[in-house]
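Source file: model21.pdb (PDB, C-alpha atoms)
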```
MODEL        1
ATOM      1  CA  MET M   1      37.518  46.882 116.904  1.00  0.00           C
ATOM      2  CA  ARG M   2      34.704  48.373 114.916  1.00  0.00           C
ATOM      3  CA  LYS M   3      35.594  49.271 111.352  1.00  0.00           C
ATOM      4  CA  ILE M   4      34.908  52.766 110.143  1.00  0.00           C
ATOM      5  CA  ILE M   5      32.797  53.112 107.038  1.00  0.00           C
ATOM      6  CA  ALA M   6      31.622  55.989 104.938  1.00  0.00           C
ATOM      7  CA  VAL M   7      28.373  54.358 103.899  1.00  0.00           C
ATOM      8  CA  ALA M   8      26.539  55.111 107.152  1.00  0.00           C
ATOM      9  CA  GLY M   9      27.586  58.729 106.901  1.00  0.00           C
ATOM     10  CA  LEU M  10      26.314  58.862 103.373  1.00  0.00           C
ATOM     11  CA  TRP M  11      22.998  57.399 104.522  1.00  0.00           C
ATOM     12  CA  MET M  12      22.731  60.086 107.179  1.00  0.00           C
ATOM     13  CA  ALA M  13      23.514  62.805 104.655  1.00  0.00           C
ATOM     14  CA  ALA M  14      21.029  61.380 102.173  1.00  0.00           C
ATOM     15  CA  LEU M  15      18.263  61.270 104.764  1.00  0.00           C
ATOM     16  CA  ALA M  16      18.809  64.850 105.895  1.00  0.00           C
ATOM     17  CA  THR M  17      15.759  67.021 105.590  1.00  0.00           C
ATOM     18  CA  PRO M  18      15.904  70.534 104.222  1.00  0.00           C
ATOM     19  CA  GLY M  19      16.602  72.866 107.101  1.00  0.00           C
ATOM     20  CA  LEU M  20      14.902  75.889 108.447  1.00  0.00           C
ATOM     21  CA  ALA M  21      18.009  77.728 109.589  1.00  0.00           C
ATOM     22  CA  ALA M  22      19.915  78.342 106.370  1.00  0.00           C
ATOM     23  CA  ASP M  23      22.374  81.171 106.898  1.00  0.00           C
ATOM     24  CA  ALA M  24      22.210  83.466 103.882  1.00  0.00           C
ATOM     25  CA  GLY M  25      24.048  86.293 105.627  1.00  0.00           C
ATOM     26  CA  ALA M  26      27.737  86.893 105.128  1.00  0.00           C
ATOM     27  CA  CYS M  27      30.048  85.234 107.620  1.00  0.00           C
ATOM     28  CA  GLY M  28      31.528  87.980 109.775  1.00  0.00           C
ATOM     29  CA  ALA M  29      35.251  88.618 109.919  1.00  0.00           C
ATOM     30  CA  GLY M  30      37.030  86.112 112.135  1.00  0.00           C
ATOM     31  CA  LEU M  31      33.942  83.896 112.522  1.00  0.00           C
ATOM     32  CA  ILE M  32      33.414  80.244 111.590  1.00  0.00           C
ATOM     33  CA  CYS M  33      30.218  79.613 109.634  1.00  0.00           C
ATOM     34  CA  ALA M  34      28.736  76.590 107.894  1.00  0.00           C
ATOM     35  CA  SER M  35      27.636  79.102 105.256  1.00  0.00           C
ATOM     36  CA  ASP M  36      31.348  79.581 104.435  1.00  0.00           C
ATOM     37  CA  PRO M  37      32.925  76.085 104.481  1.00  0.00           C
ATOM     38  CA  GLN M  38      36.416  77.489 104.023  1.00  0.00           C
ATOM     39  CA  THR M  39      36.188  79.100 107.499  1.00  0.00           C
ATOM     40  CA  VAL M  40      35.550  75.639 108.968  1.00  0.00           C
ATOM     41  CA  VAL M  41      38.528  74.217 107.057  1.00  0.00           C
ATOM     42  CA  GLN M  42      40.791  77.036 108.239  1.00  0.00           C
ATOM     43  CA  ALA M  43      39.675  76.693 111.868  1.00  0.00           C
ATOM     44  CA  LEU M  44      40.329  72.936 111.851  1.00  0.00           C
ATOM     45  CA  GLN M  45      43.753  73.426 110.284  1.00  0.00           C
ATOM     46  CA  ALA M  46      44.587  76.213 112.761  1.00  0.00           C
ATOM     47  CA  ALA M  47      43.794  73.738 115.548  1.00  0.00           C
ATOM     48  CA  GLY M  48      46.255  71.250 114.023  1.00  0.00           C
ATOM     49  CA  TYR M  49      43.837  68.914 112.238  1.00  0.00           C
ATOM     50  CA  LYS M  50      43.643  67.902 108.608  1.00  0.00           C
ATOM     51  CA  ALA M  51      40.628  69.250 106.759  1.00  0.00           C
ATOM     52  CA  LEU M  52      39.874  68.149 103.218  1.00  0.00           C
ATOM     53  CA  LEU M  53      36.894  69.972 101.722  1.00  0.00           C
ATOM     54  CA  GLY M  54      34.732  68.091  99.243  1.00  0.00           C
ATOM     55  CA  LYS M  55      31.064  67.471  98.535  1.00  0.00           C
ATOM     56  CA  SER M  56      28.581  64.879  99.688  1.00  0.00           C
ATOM     57  CA  LYS M  57      27.809  62.525  96.821  1.00  0.00           C
ATOM     58  CA  GLN M  58      24.176  62.270  97.922  1.00  0.00           C
ATOM     59  CA  THR M  59      23.301  65.911  98.545  1.00  0.00           C
ATOM     60  CA  GLY M  60      26.022  67.963  96.870  1.00  0.00           C
ATOM     61  CA  ASN M  61      26.421  69.852 100.138  1.00  0.00           C
ATOM     62  CA  PRO M  62      29.931  70.582 101.378  1.00  0.00           C
ATOM     63  CA  LYS M  63      31.649  67.863 103.402  1.00  0.00           C
ATOM     64  CA  ILE M  64      34.978  67.888 105.227  1.00  0.00           C
ATOM     65  CA  GLU M  65      37.142  64.825 105.936  1.00  0.00           C
ATOM     66  CA  SER M  66      39.282  64.996 109.060  1.00  0.00           C
ATOM     67  CA  ALA M  67      40.702  62.816 111.854  1.00  0.00           C
ATOM     68  CA  ALA M  68      41.179  62.874 115.625  1.00  0.00           C
ATOM     69  CA  SER M  69      41.671  60.413 118.476  1.00  0.00           C
ATOM     70  CA  GLY M  70      42.569  57.614 116.052  1.00  0.00           C
ATOM     71  CA  TYR M  71      39.381  57.945 113.967  1.00  0.00           C
ATOM     72  CA  ASP M  72      38.763  59.330 110.499  1.00  0.00           C
ATOM     73  CA  TYR M  73      35.520  61.286 110.501  1.00  0.00           C
ATOM     74  CA  SER M  74      33.391  63.522 108.321  1.00  0.00           C
ATOM     75  CA  ILE M  75      31.807  66.896 108.882  1.00  0.00           C
ATOM     76  CA  PHE M  76      28.527  67.165 107.004  1.00  0.00           C
ATOM     77  CA  PHE M  77      26.884  70.510 106.242  1.00  0.00           C
ATOM     78  CA  TYR M  78      23.123  70.753 106.841  1.00  0.00           C
ATOM     79  CA  GLU M  79      20.293  73.212 106.413  1.00  0.00           C
ATOM     80  CA  CYS M  80      21.683  74.284 103.059  1.00  0.00           C
ATOM     81  CA  GLU M  81      19.794  76.042 100.289  1.00  0.00           C
ATOM     82  CA  GLN M  82      20.850  74.525  96.969  1.00  0.00           C
ATOM     83  CA  THR M  83      24.168  73.339  98.516  1.00  0.00           C
ATOM     84  CA  ARG M  84      24.966  76.847  99.826  1.00  0.00           C
ATOM     85  CA  HIS M  85      24.121  79.046 102.808  1.00  0.00           C
ATOM     86  CA  CYS M  86      24.315  76.106 105.240  1.00  0.00           C
ATOM     87  CA  GLY M  87      23.261  76.641 108.846  1.00  0.00           C
ATOM     88  CA  SER M  88      24.780  73.740 110.776  1.00  0.00           C
ATOM     89  CA  LEU M  89      27.432  71.046 110.898  1.00  0.00           C
ATOM     90  CA  GLN M  90      27.427  67.427 111.937  1.00  0.00           C
ATOM     91  CA  PHE M  91      30.673  65.785 113.014  1.00  0.00           C
ATOM     92  CA  GLN M  92      30.264  62.057 112.387  1.00  0.00           C
ATOM     93  CA  VAL M  93      32.222  58.827 112.625  1.00  0.00           C
ATOM     94  CA  SER M  94      30.661  55.614 111.301  1.00  0.00           C
ATOM     95  CA  PHE M  95      31.358  51.941 111.899  1.00  0.00           C
ATOM     96  CA  GLU M  96      30.295  48.913 109.914  1.00  0.00           C
ATOM     97  CA  ASP M  97      28.180  46.192 111.483  1.00  0.00           C
ATOM     98  CA  ASP M  98      30.281  43.874 113.654  1.00  0.00           C
ATOM     99  CA  GLY M  99      27.394  41.924 115.117  1.00  0.00           C
ATOM    100  CA  GLY M 100      27.284  44.043 118.245  1.00  0.00           C
ATOM    101  CA  ASN M 101      25.744  47.243 116.925  1.00  0.00           C
ATOM    102  CA  THR M 102      22.364  47.219 118.619  1.00  0.00           C
ATOM    103  CA  PRO M 103      19.897  49.862 119.750  1.00  0.00           C
ATOM    104  CA  GLU M 104      20.668  48.728 123.313  1.00  0.00           C
ATOM    105  CA  LEU M 105      24.349  49.540 122.787  1.00  0.00           C
ATOM    106  CA  ALA M 106      23.460  52.983 121.395  1.00  0.00           C
ATOM    107  CA  ASN M 107      21.057  53.633 124.288  1.00  0.00           C
ATOM    108  CA  LYS M 108      23.758  52.685 126.783  1.00  0.00           C
ATOM    109  CA  TRP M 109      25.998  55.360 125.242  1.00  0.00           C
ATOM    110  CA  ASN M 110      23.241  57.960 124.878  1.00  0.00           C
ATOM    111  CA  LYS M 111      22.045  57.785 128.483  1.00  0.00           C
ATOM    112  CA  ASP M 112      25.392  59.140 129.713  1.00  0.00           C
ATOM    113  CA  LYS M 113      26.526  61.437 126.880  1.00  0.00           C
ATOM    114  CA  ARG M 114      25.241  64.946 126.243  1.00  0.00           C
ATOM    115  CA  PHE M 115      27.222  66.138 123.259  1.00  0.00           C
ATOM    116  CA  ALA M 116      27.455  63.138 120.950  1.00  0.00           C
ATOM    117  CA  GLN M 117      24.700  60.731 120.056  1.00  0.00           C
ATOM    118  CA  MET M 118      25.065  57.144 118.898  1.00  0.00           C
ATOM    119  CA  SER M 119      22.637  55.508 116.487  1.00  0.00           C
ATOM    120  CA  VAL M 120      22.296  52.203 114.683  1.00  0.00           C
ATOM    121  CA  TRP M 121      21.057  52.160 111.096  1.00  0.00           C
ATOM    122  CA  ASP M 122      18.893  49.540 109.405  1.00  0.00           C
ATOM    123  CA  ASP M 123      21.987  47.998 107.782  1.00  0.00           C
ATOM    124  CA  GLY M 124      23.558  47.458 111.228  1.00  0.00           C
ATOM    125  CA  SER M 125      26.127  50.216 110.879  1.00  0.00           C
ATOM    126  CA  LEU M 126      26.676  52.488 113.850  1.00  0.00           C
ATOM    127  CA  ALA M 127      27.343  56.226 113.909  1.00  0.00           C
ATOM    128  CA  VAL M 128      28.462  58.679 116.564  1.00  0.00           C
ATOM    129  CA  ALA M 129      27.482  62.247 115.705  1.00  0.00           C
ATOM    130  CA  TYR M 130      27.763  65.731 117.186  1.00  0.00           C
ATOM    131  CA  ASP M 131      25.587  68.527 115.772  1.00  0.00           C
ATOM    132  CA  VAL M 132      26.486  72.203 115.917  1.00  0.00           C
ATOM    133  CA  THR M 133      24.596  75.222 114.617  1.00  0.00           C
ATOM    134  CA  THR M 134      26.674  78.093 113.254  1.00  0.00           C
ATOM    135  CA  VAL M 135      23.933  80.543 112.230  1.00  0.00           C
ATOM    136  CA  GLY M 136      25.431  83.989 112.729  1.00  0.00           C
ATOM    137  CA  GLY M 137      28.911  82.476 113.169  1.00  0.00           C
ATOM    138  CA  LEU M 138      31.023  81.067 115.983  1.00  0.00           C
ATOM    139  CA  ASN M 139      34.107  82.880 117.188  1.00  0.00           C
ATOM    140  CA  GLN M 140      37.465  81.106 117.211  1.00  0.00           C
ATOM    141  CA  LYS M 141      37.245  80.264 120.911  1.00  0.00           C
ATOM    142  CA  ASN M 142      33.727  78.786 120.542  1.00  0.00           C
ATOM    143  CA  PHE M 143      34.759  76.664 117.579  1.00  0.00           C
ATOM    144  CA  ALA M 144      37.928  75.495 119.335  1.00  0.00           C
ATOM    145  CA  ASP M 145      35.622  74.299 122.132  1.00  0.00           C
ATOM    146  CA  VAL M 146      33.458  72.451 119.577  1.00  0.00           C
ATOM    147  CA  ILE M 147      36.539  70.685 118.227  1.00  0.00           C
ATOM    148  CA  ASP M 148      37.709  69.889 121.749  1.00  0.00           C
ATOM    149  CA  TRP M 149      34.342  68.378 122.718  1.00  0.00           C
ATOM    150  CA  TRP M 150      34.288  66.279 119.548  1.00  0.00           C
ATOM    151  CA  THR M 151      37.811  65.014 120.204  1.00  0.00           C
ATOM    152  CA  VAL M 152      36.885  64.154 123.795  1.00  0.00           C
ATOM    153  CA  MET M 153      33.776  62.288 122.588  1.00  0.00           C
ATOM    154  CA  LEU M 154      35.889  60.273 120.119  1.00  0.00           C
ATOM    155  CA  GLY M 155      38.184  59.297 122.982  1.00  0.00           C
ATOM    156  CA  GLU M 156      35.140  58.359 125.047  1.00  0.00           C
ATOM    157  CA  ALA M 157      33.869  56.231 122.142  1.00  0.00           C
ATOM    158  CA  SER M 158      37.151  54.338 122.083  1.00  0.00           C
ATOM    159  CA  LYS M 159      36.845  53.600 125.815  1.00  0.00           C
ATOM    160  CA  PHE M 160      33.177  52.684 125.411  1.00  0.00           C
ATOM    161  CA  PHE M 161      33.950  50.155 122.662  1.00  0.00           C
ATOM    162  CA  LYS M 162      36.690  48.579 124.793  1.00  0.00           C
ATOM    163  CA  GLU M 163      34.241  48.242 127.690  1.00  0.00           C
ATOM    164  CA  ASN M 164      31.511  46.923 125.354  1.00  0.00           C
ATOM    165  CA  PRO M 165      33.338  44.720 122.849  1.00  0.00           C
ATOM    166  CA  ALA M 166      31.660  43.246 119.812  1.00  0.00           C
ATOM    167  CA  PRO M 167      30.851  39.552 120.027  1.00  0.00           C
ATOM    168  CA  THR M 168      33.645  37.259 118.908  1.00  0.00           C
ATOM    169  CA  LYS M 169      32.940  35.386 115.716  1.00  0.00           C
TER     170      LYS M 169
ENDMDL
END
```
Before anything else, please render the file you have as structure tokens.
Amino acid sequence: MRKIIAVAGLWMAALATPGLAADAGACGAGLICASDPQTVVQALQAAGYKALLGKSKQTGNPKIESAASGYDYSIFFYECEQTRHCGSLQFQVSFEDDGGNTPELANKWNKDKRFAQMSVWDDGSLAVAYDVTTVGGLNQKNFADVIDWWTVMLGEASKFFKENPAPTK
């Protein structure tokens, strides 16, 4: 089984470019907005998931730690202006190199998946990520659907790894 690591996620956060869709407006009542990280935390908790709000060591942007479908994952905040007024989120689970993390493996996943993308980093780690914009806010039903899709994609990743096992050492 592939081991989850935080390093790949940190790489992805460190390589993030400044965004064009920062959301400086106030988050409307009852909406979930990356510009107000606490609304994301509350929506995750309302859906029955843990949500620990912290900050990315590389960027200083907000970051949430959570778990679903047997995986610990992070939610990174992007398109932020000076660590605030963020415009989008990236749900991400990362795995350390097990000898089987190849671009071909990622392409095999990506050709059949719309909502989550797999990538392999230079250090051989692998990440599955799902990006969501929240500019203007998502209502509770929309965000519940985001969480549901992410959870489904994590379950699909588990099946995918079973069908495409890492080489035995």
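Nearest residue to M:Tyr78 among M:Leu105, M:Ala116, M:Leu126, M:Ala34 is M:Ala34, counting all atoms listed in the file.
Between atom CA of M:Ile75 and atom CA of M:Lys63 there is a distance of 5.6 Å.
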Considering only C-alpha atoms, return as a ChimeraX atom specification whatever protein or nucleic-acid residues lie within 7 Å of stretch 127-142 of chain M, sequence-local ones (same chain, fewer than 4 positions apart) excluded.
-> /M:8,23,27-28,30-34,87-95,115-120,146,150
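With atom CA of M:Lys50 on one side and atom CA of M:Ala68 on the other, the separation reads 9.0 Å.
Distances to M:Thr151 were evaluated for M:Leu52, M:Ala106, M:Cys86, M:Leu44 using only C-alpha atoms, and the minimum falls at M:Leu44.
Atom to atom, atom CA of M:Asn61 and atom CA of M:Gln82 stand 7.9 Å apart.
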If I put a ball of radius 10 Å at (25.8, 72.4, 99.8) in the file's coordinates, which residues poke into it when counting only C-alpha atoms, written as a VMD selection string?
-> chain M and resid 34 to 35 37 54 to 56 59 to 63 76 to 86
Take stretch 128-155 of chain M, bring it up to N, CA and C atoms, and give me the output as a PDB file, in the frame of the given file.
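Output (result.pdb):
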```
ATOM      1  N   VAL M 128      28.382  57.749 115.444  1.00  0.00           N
ATOM      2  CA  VAL M 128      28.462  58.679 116.564  1.00  0.00           C
ATOM      3  C   VAL M 128      28.503  60.061 115.921  1.00  0.00           C
ATOM      4  N   ALA M 129      27.606  60.940 116.344  1.00  0.00           N
ATOM      5  CA  ALA M 129      27.482  62.247 115.705  1.00  0.00           C
ATOM      6  C   ALA M 129      27.341  63.356 116.744  1.00  0.00           C
ATOM      7  N   TYR M 130      27.813  64.530 116.354  1.00  0.00           N
ATOM      8  CA  TYR M 130      27.763  65.731 117.186  1.00  0.00           C
ATOM      9  C   TYR M 130      27.308  66.877 116.293  1.00  0.00           C
ATOM     10  N   ASP M 131      26.163  67.461 116.586  1.00  0.00           N
ATOM     11  CA  ASP M 131      25.587  68.527 115.772  1.00  0.00           C
ATOM     12  C   ASP M 131      25.863  69.891 116.370  1.00  0.00           C
ATOM     13  N   VAL M 132      26.153  70.850 115.481  1.00  0.00           N
ATOM     14  CA  VAL M 132      26.486  72.203 115.917  1.00  0.00           C
ATOM     15  C   VAL M 132      25.847  73.193 114.947  1.00  0.00           C
ATOM     16  N   THR M 133      25.103  74.149 115.460  1.00  0.00           N
ATOM     17  CA  THR M 133      24.596  75.222 114.617  1.00  0.00           C
ATOM     18  C   THR M 133      25.629  76.346 114.561  1.00  0.00           C
ATOM     19  N   THR M 134      25.727  76.980 113.392  1.00  0.00           N
ATOM     20  CA  THR M 134      26.674  78.093 113.254  1.00  0.00           C
ATOM     21  C   THR M 134      25.986  79.348 112.720  1.00  0.00           C
ATOM     22  N   VAL M 135      24.663  79.378 112.745  1.00  0.00           N
ATOM     23  CA  VAL M 135      23.933  80.543 112.230  1.00  0.00           C
ATOM     24  C   VAL M 135      24.447  81.794 112.947  1.00  0.00           C
ATOM     25  N   GLY M 136      24.872  82.763 112.169  1.00  0.00           N
ATOM     26  CA  GLY M 136      25.431  83.989 112.729  1.00  0.00           C
ATOM     27  C   GLY M 136      26.920  83.889 113.018  1.00  0.00           C
ATOM     28  N   GLY M 137      27.478  82.677 113.000  1.00  0.00           N
ATOM     29  CA  GLY M 137      28.911  82.476 113.169  1.00  0.00           C
ATOM     30  C   GLY M 137      29.331  82.152 114.591  1.00  0.00           C
ATOM     31  N   LEU M 138      30.381  81.371 114.698  1.00  0.00           N
ATOM     32  CA  LEU M 138      31.023  81.067 115.983  1.00  0.00           C
ATOM     33  C   LEU M 138      32.382  81.758 115.991  1.00  0.00           C
ATOM     34  N   ASN M 139      32.769  82.300 117.142  1.00  0.00           N
ATOM     35  CA  ASN M 139      34.107  82.880 117.188  1.00  0.00           C
ATOM     36  C   ASN M 139      35.135  81.752 117.321  1.00  0.00           C
ATOM     37  N   GLN M 140      36.393  82.100 117.199  1.00  0.00           N
ATOM     38  CA  GLN M 140      37.465  81.106 117.211  1.00  0.00           C
ATOM     39  C   GLN M 140      37.458  80.290 118.507  1.00  0.00           C
ATOM     40  N   LYS M 141      37.240  80.950 119.619  1.00  0.00           N
ATOM     41  CA  LYS M 141      37.245  80.264 120.911  1.00  0.00           C
ATOM     42  C   LYS M 141      36.071  79.275 120.999  1.00  0.00           C
ATOM     43  N   ASN M 142      34.887  79.692 120.541  1.00  0.00           N
ATOM     44  CA  ASN M 142      33.727  78.786 120.542  1.00  0.00           C
ATOM     45  C   ASN M 142      33.995  77.568 119.667  1.00  0.00           C
ATOM     46  N   PHE M 143      34.535  77.790 118.480  1.00  0.00           N
ATOM     47  CA  PHE M 143      34.759  76.664 117.579  1.00  0.00           C
ATOM     48  C   PHE M 143      35.865  75.749 118.103  1.00  0.00           C
ATOM     49  N   ALA M 144      36.879  76.327 118.725  1.00  0.00           N
ATOM     50  CA  ALA M 144      37.928  75.495 119.335  1.00  0.00           C
ATOM     51  C   ALA M 144      37.311  74.595 120.403  1.00  0.00           C
ATOM     52  N   ASP M 145      36.314  75.099 121.128  1.00  0.00           N
ATOM     53  CA  ASP M 145      35.622  74.299 122.132  1.00  0.00           C
ATOM     54  C   ASP M 145      34.814  73.181 121.467  1.00  0.00           C
ATOM     55  N   VAL M 146      34.183  73.474 120.344  1.00  0.00           N
ATOM     56  CA  VAL M 146      33.458  72.451 119.577  1.00  0.00           C
ATOM     57  C   VAL M 146      34.409  71.322 119.192  1.00  0.00           C
ATOM     58  N   ILE M 147      35.551  71.687 118.639  1.00  0.00           N
ATOM     59  CA  ILE M 147      36.539  70.685 118.227  1.00  0.00           C
ATOM     60  C   ILE M 147      37.011  69.881 119.437  1.00  0.00           C
ATOM     61  N   ASP M 148      37.256  70.572 120.541  1.00  0.00           N
ATOM     62  CA  ASP M 148      37.709  69.889 121.749  1.00  0.00           C
ATOM     63  C   ASP M 148      36.664  68.887 122.239  1.00  0.00           C
ATOM     64  N   TRP M 149      35.392  69.300 122.285  1.00  0.00           N
ATOM     65  CA  TRP M 149      34.342  68.378 122.718  1.00  0.00           C
ATOM     66  C   TRP M 149      34.259  67.170 121.797  1.00  0.00           C
ATOM     67  N   TRP M 150      34.351  67.391 120.496  1.00  0.00           N
ATOM     68  CA  TRP M 150      34.288  66.279 119.548  1.00  0.00           C
ATOM     69  C   TRP M 150      35.453  65.318 119.783  1.00  0.00           C
ATOM     70  N   THR M 151      36.635  65.846 119.963  1.00  0.00           N
ATOM     71  CA  THR M 151      37.811  65.014 120.204  1.00  0.00           C
ATOM     72  C   THR M 151      37.650  64.212 121.497  1.00  0.00           C
ATOM     73  N   VAL M 152      37.136  64.852 122.533  1.00  0.00           N
ATOM     74  CA  VAL M 152      36.885  64.154 123.795  1.00  0.00           C
ATOM     75  C   VAL M 152      35.865  63.036 123.582  1.00  0.00           C
ATOM     76  N   MET M 153      34.805  63.306 122.835  1.00  0.00           N
ATOM     77  CA  MET M 153      33.776  62.288 122.588  1.00  0.00           C
ATOM     78  C   MET M 153      34.337  61.113 121.785  1.00  0.00           C
ATOM     79  N   LEU M 154      35.248  61.369 120.853  1.00  0.00           N
ATOM     80  CA  LEU M 154      35.889  60.273 120.119  1.00  0.00           C
ATOM     81  C   LEU M 154      36.721  59.414 121.069  1.00  0.00           C
ATOM     82  N   GLY M 155      37.434  60.053 121.980  1.00  0.00           N
ATOM     83  CA  GLY M 155      38.184  59.297 122.982  1.00  0.00           C
ATOM     84  C   GLY M 155      37.261  58.491 123.879  1.00  0.00           C
TER      85      GLY M 155
END
```
